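Novice: Structure supplied as model.cif; contents: mmCIF, C-alpha atoms.
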data_entry
#
loop_
_atom_site.group_PDB
_atom_site.id
_atom_site.type_symbol
_atom_site.label_atom_id
_atom_site.label_comp_id
_atom_site.auth_asym_id
_atom_site.auth_seq_id
_atom_site.Cartn_x
_atom_site.Cartn_y
_atom_site.Cartn_z
ATOM 1 C CA MET G 264 0.000 0.000 0.000
ATOM 2 C CA ASN G 265 1.171 3.362 -0.670
ATOM 3 C CA LYS G 266 1.386 6.064 1.943
ATOM 4 C CA LYS G 267 -1.468 8.202 0.563
ATOM 5 C CA VAL G 268 -4.013 5.378 0.637
ATOM 6 C CA LYS G 269 -2.927 4.406 4.142
ATOM 7 C CA GLU G 270 -3.463 7.973 5.471
ATOM 8 C CA ASP G 271 -6.846 8.129 3.742
ATOM 9 C CA MET G 272 -8.006 4.890 5.363
ATOM 10 C CA THR G 273 -6.744 6.048 8.755
ATOM 11 C CA LYS G 274 -8.705 9.282 8.475
ATOM 12 C CA ARG G 275 -11.786 7.368 7.377
ATOM 13 C CA ARG G 276 -11.476 4.984 10.333
ATOM 14 C CA THR G 277 -10.994 7.911 12.708
ATOM 15 C CA VAL G 278 -14.139 9.645 11.423
ATOM 16 C CA LEU G 279 -16.162 6.423 11.685
ATOM 17 C CA TYR G 280 -14.785 5.794 15.169
ATOM 18 C CA ILE G 281 -15.789 9.296 16.329
ATOM 19 C CA LYS G 282 -19.281 8.952 14.796
ATOM 20 C CA ASN G 283 -19.800 5.545 16.383
ATOM 21 C CA ARG G 284 -18.462 6.762 19.704
ATOM 22 C CA ARG G 285 -20.937 9.671 19.748
ATOM 23 C CA MET G 286 -23.843 7.383 19.031
ATOM 24 C CA ARG G 287 -23.565 5.121 22.061
ATOM 25 C CA GLY G 288 -25.664 4.845 25.208
ATOM 26 C CA VAL G 289 -27.876 7.785 26.097
ATOM 27 C CA ASN G 290 -26.834 9.813 23.085
ATOM 28 C CA LEU G 291 -27.872 7.014 20.745
ATOM 29 C CA PHE G 292 -31.242 6.691 22.506
ATOM 30 C CA ILE G 293 -31.881 10.449 22.362
ATOM 31 C CA ASN G 294 -30.914 10.650 18.705
ATOM 32 C CA ARG G 295 -33.191 7.754 17.770
ATOM 33 C CA MET G 296 -36.016 9.162 19.879
ATOM 34 C CA PHE G 297 -35.849 12.541 18.141
ATOM 35 C CA MET G 298 -35.927 10.807 14.796
ATOM 36 C CA SER G 299 -38.861 8.544 15.676
ATOM 37 C CA ARG G 300 -42.401 9.060 14.461
ATOM 38 C CA TRP G 301 -43.707 8.540 17.997
ATOM 39 C CA TYR G 302 -41.728 11.509 19.287
ATOM 40 C CA ARG G 303 -42.826 13.785 16.461
ATOM 41 C CA THR G 304 -46.463 12.802 17.106
ATOM 42 C CA LEU G 305 -46.017 13.468 20.819
ATOM 43 C CA ILE G 306 -44.546 16.915 20.180
ATOM 44 C CA LEU G 307 -47.369 17.702 17.749
ATOM 45 C CA ARG G 308 -50.028 16.671 20.272
ATOM 46 C CA TYR G 309 -48.531 18.710 23.116
ATOM 47 C CA SER G 310 -48.066 21.714 20.846
ATOM 48 C CA LEU G 311 -51.678 21.484 19.736
ATOM 49 C CA ALA G 312 -52.849 21.157 23.342
ATOM 50 C CA ALA G 313 -50.779 24.194 24.349
ATOM 51 C CA ILE G 314 -52.215 26.283 21.513
ATOM 52 C CA ILE G 315 -55.776 25.298 22.388
ATOM 53 C CA PHE G 316 -55.095 26.050 26.066
ATOM 54 C CA MET G 317 -53.637 29.473 25.226
ATOM 55 C CA ILE G 318 -56.732 30.329 23.170
ATOM 56 C CA CYS G 319 -59.450 28.831 25.376
ATOM 57 C CA VAL G 320 -58.314 30.051 28.804
ATOM 58 C CA PRO G 321 -58.314 33.788 27.957
ATOM 59 C CA LEU G 322 -61.620 33.353 26.145
ATOM 60 C CA MET G 323 -63.201 31.643 29.154
ATOM 61 C CA LEU G 324 -61.793 34.248 31.552
ATOM 62 C CA SER G 325 -63.161 37.058 29.422
ATOM 63 C CA LEU G 326 -66.592 35.415 29.449
ATOM 64 C CA VAL G 327 -66.516 34.938 33.213
ATOM 65 C CA PHE G 328 -65.373 38.426 34.125
ATOM 66 C CA THR G 329 -67.402 40.355 31.568
ATOM 67 C CA GLN G 330 -70.325 42.133 33.143
ATOM 68 C CA SER G 331 -73.130 43.697 31.223
ATOM 69 C CA ALA G 332 -73.600 47.358 31.989
ATOM 70 C CA GLU G 333 -77.127 48.554 32.447
ATOM 71 C CA ALA G 334 -77.960 52.176 31.889
ATOM 72 C CA ASN G 335 -80.211 53.903 34.372
ATOM 73 C CA ASP G 336 -82.656 56.121 32.525
ATOM 74 C CA GLY G 337 -83.926 57.733 35.740
ATOM 75 C CA SER G 338 -87.150 55.734 35.931
ATOM 76 C CA GLU G 339 -85.794 53.533 38.735
ATOM 77 C CA GLU G 340 -84.761 54.893 42.075
ATOM 78 C CA ILE G 341 -81.250 54.119 43.226
ATOM 79 C CA TYR G 342 -80.929 52.886 46.796
ATOM 80 C CA TYR G 343 -77.727 53.360 48.760
ATOM 81 C CA LYS G 344 -76.781 50.986 51.564
ATOM 82 C CA TYR G 345 -75.890 52.401 54.976
ATOM 83 C CA TYR G 346 -75.451 50.957 58.452
ATOM 84 C CA HIS G 347 -76.630 52.116 61.848
ATOM 85 C CA ARG G 348 -76.531 50.725 65.352
ATOM 86 C CA ILE G 349 -79.700 49.922 67.265
ATOM 87 C CA GLU G 350 -80.321 48.755 70.803
ATOM 88 C CA VAL G 351 -82.535 45.697 71.174
ATOM 89 C CA SER G 352 -85.521 46.411 73.406
ATOM 90 C CA GLU G 353 -87.666 43.990 75.403
ATOM 91 C CA GLY G 354 -89.690 41.643 73.142
ATOM 92 C CA ASP G 355 -87.670 42.341 69.961
ATOM 93 C CA THR G 356 -86.639 39.502 67.693
ATOM 94 C CA LEU G 357 -84.441 39.517 64.611
ATOM 95 C CA TRP G 358 -87.588 39.035 62.557
ATOM 96 C CA SER G 359 -89.310 42.122 64.014
ATOM 97 C CA ILE G 360 -86.116 44.209 63.646
ATOM 98 C CA ALA G 361 -85.799 43.050 60.041
ATOM 99 C CA GLN G 362 -89.432 43.941 59.285
ATOM 100 C CA GLN G 363 -88.902 47.484 60.591
ATOM 101 C CA ASN G 364 -85.677 48.118 58.646
ATOM 102 C CA TYR G 365 -86.004 45.881 55.605
ATOM 103 C CA HIS G 366 -86.484 47.393 52.167
ATOM 104 C CA ALA G 367 -87.096 44.949 49.291
ATOM 105 C CA GLN G 368 -83.924 45.588 47.310
ATOM 106 C CA ASP G 369 -82.816 42.422 45.475
ATOM 107 C CA GLN G 370 -83.087 40.188 48.546
ATOM 108 C CA SER G 371 -85.700 38.431 50.657
ATOM 109 C CA ILE G 372 -86.315 39.140 54.329
ATOM 110 C CA ARG G 373 -84.583 35.866 55.238
ATOM 111 C CA GLU G 374 -81.479 36.976 53.333
ATOM 112 C CA TYR G 375 -81.664 40.307 55.176
ATOM 113 C CA ILE G 376 -81.749 38.499 58.550
ATOM 114 C CA GLU G 377 -78.779 36.339 57.488
ATOM 115 C CA GLU G 378 -76.908 39.510 56.523
ATOM 116 C CA VAL G 379 -77.626 41.064 59.951
ATOM 117 C CA GLN G 380 -76.351 37.878 61.606
ATOM 118 C CA GLN G 381 -73.222 37.881 59.479
ATOM 119 C CA ILE G 382 -72.455 41.567 60.136
ATOM 120 C CA ASN G 383 -72.799 41.047 63.890
ATOM 121 C CA HIS G 384 -70.932 37.705 63.898
ATOM 122 C CA ARG G 385 -73.944 35.803 65.235
ATOM 123 C CA TYR G 386 -74.735 32.162 64.662
ATOM 124 C CA SER G 387 -78.067 32.216 66.457
ATOM 125 C CA ALA G 388 -81.249 34.167 65.768
ATOM 126 C CA THR G 389 -81.740 34.855 69.492
ATOM 127 C CA VAL G 390 -81.310 38.471 70.631
ATOM 128 C CA TYR G 391 -81.476 39.858 74.157
ATOM 129 C CA ALA G 392 -82.742 43.180 75.485
ATOM 130 C CA GLY G 393 -79.962 45.759 75.817
ATOM 131 C CA GLU G 394 -77.758 44.304 73.083
ATOM 132 C CA GLU G 395 -76.570 46.548 70.292
ATOM 133 C CA LEU G 396 -76.799 45.388 66.694
ATOM 134 C CA MET G 397 -75.385 46.889 63.533
ATOM 135 C CA ILE G 398 -78.034 46.702 60.810
ATOM 136 C CA PRO G 399 -78.052 47.781 57.173
ATOM 137 C CA TYR G 400 -80.685 50.121 55.810
ATOM 138 C CA TYR G 401 -81.335 51.527 52.366
ATOM 139 C CA SER G 402 -81.959 55.123 51.392
ATOM 140 C CA THR G 403 -82.388 57.011 48.140
ATOM 141 C CA GLU G 404 -80.353 59.913 49.522
ATOM 142 C CA PHE G 405 -76.614 59.872 49.007
ATOM 143 C CA HIS G 406 -74.690 60.805 52.186
#
Just give me the structure of the file as structure tokens.
Specialist:
Amino acid sequence: MNKKVKEDMTKRRTVLYIKNRRMRGVNLFINRMFMSRWYRTLILRYSLAAIIFMICVPLMLSLVFTQSAEANDGSEEIYYKYYHRIEVSEGDTLWSIAQQNYHAQDQSIREYIEEVQQINHRYSATVYAGEELMIPYYSTEFH
């Protein structure tokens, strides 16, 4: 063999050795995985899911947090909510207090009583003479 052919074969062997050495173990697995149809399908599915998620979530949030604005043409009275403190007298119940101060504004009298209980941190409907309660009331005047 002549010297030129020998050098050429040595270079070729070296290049093949380096290529084969790179393609062993984990590197070989990763390279084959990236080339596989399964991996490309997996990437496509996750990409599609991410795109759908990025479109649907903002759309759903905009639907949830969008409120319709209603114009008041002056035909309806506007009621403002205020609070005042009362002292419970002998024979008063939450029901009688609610009947005196309740104004039918988007809630029932039972809901009003529950609101009074919640404001005053009460779990019972029993009230005693001399107690002070904070109760809401509604007025058309703005203070």
Novice: Can you turn the PyMOL selection byres ((chain G and resi 406) around 10) into a concrete residue list for this file, as a PDB file with C-alpha atoms, in the frame of the given file?
Specialist:
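And here's expr_38.pdb as it stands now:
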ATOM      1  CA  TYR G 343     -77.727  53.360  48.760  1.00  0.00           C
ATOM      2  CA  TYR G 345     -75.890  52.401  54.976  1.00  0.00           C
ATOM      3  CA  SER G 402     -81.959  55.123  51.392  1.00  0.00           C
ATOM      4  CA  THR G 403     -82.388  57.011  48.140  1.00  0.00           C
ATOM      5  CA  GLU G 404     -80.353  59.913  49.522  1.00  0.00           C
ATOM      6  CA  PHE G 405     -76.614  59.872  49.007  1.00  0.00           C
TER       7      PHE G 405
END
Novice: Could you work out how far CA of Ser325 (chain G) lies from CA of Arg308 (chain G), giving the answer in Å with one decimal?
Specialist: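 We find that CA of Arg308 (chain G) and CA of Ser325 (chain G) lie 25.9 Å from each other.
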Novice: Which residue gives the smallest distance to Gln362 (chain G) among G:Tyr302, G:Val390, G:Ile398, G:Ile382, with all atoms listed in the file counted?
Specialist: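 Answer, going by the shortest atom-to-atom distance: G:Ile398.
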Novice: Suppose you want the space between CA of Arg300 (chain G) and CA of Ala312 (chain G); what is it in Å?
Specialist: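 So the answer is 18.3 Å.
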Novice: Can you pull out every residue within 8 Å of Glu350 (chain G), counting all atoms listed in the file, but drop anything in the same chain fewer than 4 positions away, and send it as an MDAnalysis selection string?
Specialist: chainID G and resid 392:396
Novice: Could you tell me how far CA of Arg385 (chain G) lies from CA of Ser371 (chain G), in Å and to one decimal?
Specialist: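 The value is 18.9 Å.
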Novice: Near Glu377 (chain G), within 10 Å and counting only C-alpha atoms, which residues show up once chain neighbours fewer than 4 positions away are dropped, as a ChimeraX atom specification?
Specialist: /G:357,371-373,381-383,385-388
